[in-house]
Each structure stands twice: as structure tokens, then as C-alpha cells.
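This report concerns only the one structure given below.
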Amino acid sequence: MIPSVFLSKLKETLEKSGFTKPFHKVFDLMAGTSTGGLIALALSVPLYRTNGYLYDEQGGISPHKLPDLYITLGDKVFPGSNRFVRKAIRQIFTSKYKADPFYLILKDLFKDCTVKSALTNLLITSFDMKSMQPVFIKKRPVASGGDADPDYFMVDSALATAAVPTYFPPAYVCSIENPANALCLIDGGVFCINPAMTALTEARKICPGCEYFILSLGTGTQRESYNVDKIKNWGSLSWISPWLGVPIIAAVGEGQRISTNHMLKKLPQVTFFRFDTELEDEKGRIDDGSRENLGYLKEKAEELVRDNMDQIEIIAQIIIQGNKVIY
């Protein structure tokens, strides 16, 4: 919800200046992990307004419709999210939610479109539990090695990058070229919760020696505080317990997010913008699809926009002034 509201406001700011190009004609590369991967796919899917009200007439889901999409997802993908205790107990023994409702929504959004049919270059992260290797689902130019990249259905790619361990089962996904070899894919956030550095690496392959403009969007953070007295006697169950926020994953993710932002701000030839907001305790849970929680996230996103309108205006002007290559 937070990056969706932000992107909608950026689009509105551009439109007020008479700039109407869709984002897939502005950004030469869109990268995403988990829900960010879903947004990147949504903005670049080669479907047009004639296929439904969500789509832009120039292709892709309209940024103005992304918040509506997440309202639909929240209600249907996380049924019974208000039954927190029962769901948390289930999460110890199996996936907290079934993937079927999520798949059906994604299938309706992406139809039979493939990643290589996307309207701009893409980088979607996932992790294969069979080979224990990162998987980068890509669309890139032939000159940058794109002819060697396997192709995947967008619906499978979205399901794979968002298959958060303990929340959803792994996604068994085959490339279009090799339907007999299924990968066992989980959320790319286990190794790349912030894909901005990975995106820069790919951008350098596509356009060596360019100046790079990076817009990086977060989904809200919660800074838990753990002191020695609290965690010194923790065993394995406490470190991975859902009711404590899965502390080991939270620590790994927060460290990766902060280090990536720090490095990108120091690199030459890189203009880096990062936007995120801090959420209150017990709010903004990943699987709380209630209208109350979505409303809270929307308010936090609007607050983020208000606090950063000067930066949004700067970004809009960078885009309007027409850098020949924008990443």
C-alpha cells in the first residue's frame, strides 16, 4: 500500500506538469522483491484499458489503481487475518495461508503474459530451495544477455517472489522453455529484501558507464528493540516465532536494507532516492488485510508523501527534463 500511494502521487505530480508517459516508458528497469516484484510486474504487464479498468490505455496497471489493487488483495489473500492466535499456531506447523486465492487474483491480473513480454526491463528476485541459489527472473535487452534468460509466466513470477516462508507455501515454477524442471521458489526477501543494489548491477550491464537515477521505495519498517535480558535465553523457537515477529528474519532484513541504502548513497554516478516510513508497534502486519489496517497504511503513505513533496517535485523534474537513460 505504501509504495502504491507514493507512485500514484508521483504520477499525479507528473501529470500536473503535462507529462503523461506511463512508468514503463520512464524507467528503463523496474526491480522488485516480494510485493515490490508484484508492483514492477503490474506496471509493465502488456495489457491495456480494454482488458479492464485497472489498466492504463498505454499499457500496464495504472499507478492510480495500485492502492485499489491492494485493497482487493488484502481482503481475499489473507482471509481470517483477524483470527491472529489461531493463525499463528497454524503457522508453526504449516503455511499460514493457502496460495490458491492469491494465484487466482494474480492470474486474473496477468492473464498468460510472460516476463519477456513486459513493457520495460525487469528484475524480480526469488530463491530456489532445491539448488539453494538466488533466482533472478529477468527481462533485459539481447545485447545484455537477455536471449539467454529463461522466460516465466508473470503470474508464476509474482507468486514466487511473494512466497514468504511460513506465510505461503513455496511456488513450484517452471520456465516456459523447460516445463519439466520445476524450481522450488520462495520470497526473494530471504537474501535481497532491498533489491536496489542488484538493480544497479543489472543497469550497469544494460548501459555501462551511464549516470544512474534510482528511486527506491520501502513498505514500512518496525524497529523492534531487543535487549540482552529479553533474548539471552531464547532458543530456536523464539528466534523464528511469528508472534515475536520472526526476529532472525527481521534482523537479517533490516541489516540488508540499511547497508544497501548506505552503499548506494556513496557510489559515484548514482543519484539515489529512498523513501520509507516507520510504523507503530502492532500495526501494519504483513498479513493484516483488514480495512482498518489498510486505511492505517494509506494514512502513513500520505504522511510520507506530504513530508517529502519537495523531493517528489525534484524527482518529477528529473524525469520531465528527460535524462536519456533513467534507471
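Residue numbers start at 1 in each chain; chains themselves are named A, B, ... in the order of the C-alpha cells; ligands are numbered from 1 in the order shown.
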Report as JSON lines the residues of stretch 256-292 of chain A within 12 Å of stretch 32-48 of chain A, each with its shortest atom pair and distance in Å (one decimal), using only C-alpha atoms, ordered by chain and increasing residue number.
{"residue": "A:Arg257", "atom": "CA", "partner": "A:Thr33", "partner_atom": "CA", "distance": 11.8}
{"residue": "A:Ile286", "atom": "CA", "partner": "A:Thr35", "partner_atom": "CA", "distance": 10.2}
{"residue": "A:Asp287", "atom": "CA", "partner": "A:Thr35", "partner_atom": "CA", "distance": 11.9}
Resulting file, chosen residues, N, CA and C atoms, as a PDB file, in the first residue's frame:
ATOM      1  N   ARG A 257      18.770  -4.024   4.372  1.00  0.00           N
ATOM      2  CA  ARG A 257      18.119  -2.811   3.891  1.00  0.00           C
ATOM      3  C   ARG A 257      18.988  -1.583   4.177  1.00  0.00           C
ATOM      4  N   ILE A 286       2.199  -7.817   8.052  1.00  0.00           N
ATOM      5  CA  ILE A 286       2.288  -8.241   6.654  1.00  0.00           C
ATOM      6  C   ILE A 286       1.002  -8.917   6.174  1.00  0.00           C
ATOM      7  N   ASP A 287       0.296  -9.581   7.064  1.00  0.00           N
ATOM      8  CA  ASP A 287      -0.880 -10.345   6.630  1.00  0.00           C
ATOM      9  C   ASP A 287      -2.185  -9.814   7.213  1.00  0.00           C
TER      10      ASP A 287
END
Checklist line | Surrounding residues of A:Ile61 excluding itself and chain neighbours under 2 positions, 12 Å, only C-alpha atoms, as a VMD selection string | finding: chain A and resid 4 7 to 8 22 to 24 38 to 59 63 to 69 109 to 110 118 to 119
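Of the residues in stretch 219-316 of chain A, those that DSSP places in strand (DSSP E) on the basis of the backbone are Val270, Thr271, Phe272, Phe273, Arg274 and Phe275 of chain A.
The closest residue to A:Gly220, picked from A:Ala316, A:Leu10, A:Ala182, A:Leu297 and counting only C-alpha atoms, is A:Leu297.
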Item checked: Counting only C-alpha atoms, the residue of A:Lys116, A:Ile124, A:Leu294, A:Lys300 that sits nearest A:Ala148 -> A:Lys116
